[in-house]
Amino acid sequence: MTSIGGVEMVDWKLAVTTASRLARPGPEITREEAREVVAELRGHAVAAEEHVRAFTGMTTAAGHDTPVLVVDRPGWIEANVAGFRSLLKPLMTKMRARRGNGPGGMIAGAVGGKVTGVELGVLLSFLSSRVLGQYETFAPATRELPGAPDGGGRLLLVAPNIVHVERELGVDPHDFRLWVCLHEETHRTQFTAVPWLRDHLEAEIQTFLAETDVDAGTLLERLSDAVQAFTGGRRGESAEPSATGTATDTATDTDTAPETEPGARSGAHAPEQDIDGRSLVDLVQTPAQREILARVTAVMSLLEGHADYVMDGVGPQIVPSVVEIREKFQRRRAAGANRLDQILRRLLGLDAKLRQYRDGERFVRAVVEEVGMEGFNRVWTSPNTLPTPAEITHPAEWIARVHRGPEA
């Protein structure tokens with residue numbers, strides 16, 4: 001894996017290979033059943049699009065439609081590695097330039113790239129069984145994974161994970177699949193109806209990355225710390241056998257909301273402490289990055305909360321068993337997690353994901369109750385009408401600024 005100017009900082013191909021090899025197999029299903037699941041998910045995605053548009057009043061802007069892809073776990077891994085590679089390219093270029101192109105730097109880069117590729121693969125393998133659906137905003141289109149004409153945007157539905165959860169919950173599979181599609185289609189509608197949203201988020205992320213002042217060695221060390229936590233101890237500590245000796249295949253809410261079951265993974269005790277209680281993102285933040293991340297978190301809370309609000313608003317009309325599904329799913333989400341998963345949730349920032357659902361849904365509900373759906377949709381006018389970090393938890397402040405301020 002080379003590029004102009006030297007060896008890649010991450011061996012992306014190795015990351016895909018590692019994650020795909022380590023990913024747990026999906027649930028047992030016949031070839032015919034698999035075809036039926038794929039066909040039904042595609043049909044539900046189309047139906048969900050119509051319901052979401054009718055409920056929200058949002059329509060896809062001309063020329064901004066994006067595809068819906070039903071994938072397996074390796075397909076999800078491949079798509080996400082492509083997205084990471086595209087989004088992180090400016091940061092990788094910056095770090096490669098700092099490292100230099102001399103023989104020593106290139107050798108260190110080659111070794112470090114393979115190490116990082118393996119470690120990224122380990123983390124992606126962990127996540128690959130936990131995602132039901134994901135709107136992928138930045139990944140480039142490929143022949144196997146087509147995207148929007150402008151090179152970004154596609155909805156991924158991870159079929160084996162959806163089947164796994166519906167079986168585990170004991171709910172009607174047809175209702176559950178439509179329920180999932182409602183949430184994910186809302187995300188697709190958000191980005192296809194609001195074309196500037198993708199560019200805004202990408203600009204924020206690139207500004208965040210541009211502020212990164214960490215050398216390659218430090219970044220690799222921090223990623224390694226996350227994997228060490230995953231595999232049973234920090235660098236220099238030995239991993240002890242698991243107390244249970246079992247592995248539990250878990251799957252979570254749409255968009256990787258954290259949720260796990262009791263029982264540790266095979267072959268590892270969870271270490272007693274994580275990295276100072278902070279996530280990987282926290283570990284590389286400067287003061288300027290913290291401000292950017294707060295803004296991005298507010299936007300992501302809006303998007304997640306809006307999807308939950310729409311799912312709950314549309315669900316009772318078209319999903320007969322929605323009450324049962326919601327109750328069982330919420331119970332499963334709140335069932336708790338073992339120590340190992342708690343550490344991973346913090347390291348990967350997944351605990352914040354649950355807060356995004358809660359805070360964002362409360363924001364959307366409060367605004368709609370006060371000014372109606374049309375009034376809420378003013379949030380999509382421009383970056384200036386997005387809620388601030390303070391407003392996402394105080395909806396009245398957003399209403400006062402956007403609806404009752406001097407420019408309203």
# chains A, B, ... in the order shown; residues from 1 in each chain; ligands from 1
>>> residues_around(residues="range 312-319 of chain A", least_positions_apart="4", cutoff="10 Å", atoms="only C-alpha atoms", output="list in words")
Ala47, Ala48, His51, Val52, Ala54, Phe55, Thr56, Asp172, His174, Asp175, Phe176, Arg177, Leu178, Trp179, Val180, Leu182, His183, His306, Ala307, Asp308, Val323, Ile325 and Arg326 of chain A
>>> residues_around(residues="Arg378 in chain A", least_positions_apart="5", cutoff="12 Å", atoms="only C-alpha atoms", output="list in words")
Thr56, Gly57, Met58, Val194, Val364, Val367, Val368, Val371, Gly372, Met373, Pro383, Asn384, Thr385, Leu386, Pro387, Trp398, Ile399, Arg401, Val402, His403 and Ala408 of chain A
>>> closest_residue(among="A:Ile292, A:Ala39, A:Leu303, A:Val10", to="Ala203 in chain A", atoms="only C-alpha atoms")
A:Ile292
>>> closest_residue(among="A:Glu32, A:Asp199, A:Glu361, A:Glu40", to="Pro173 in chain A", atoms="only C-alpha atoms")
A:Glu40
>>> atom_distance(atom1="CA of Ala45 in chain A", atom2="CA of Ile392 in chain A")
28.8 Å
>>> residues_around(residues="Ile205 in chain A", least_positions_apart="3", cutoff="9 Å", atoms="only C-alpha atoms", output="PyMOL selection string")
chain A and resi 87+200-202+208-210+292-293+296
>>> select_by_dssp(residues="range 12-210 of chain A", states="strand (DSSP E)", output="VMD selection string")
chain A and resid 68 to 71 133 to 136 154 to 158
>>> closest_residue(among="A:Val310, A:Ala288, A:Val163, A:Ala79", to="Leu41 in chain A", atoms="only C-alpha atoms")
A:Val163
>>> residues_around(residues="Thr66 in chain A", least_positions_apart="2", cutoff="12 Å", atoms="only C-alpha atoms", output="PyMOL selection string")
chain A and resi 49+60-64+68-69+135-138+141+145-156+185+187-193+195
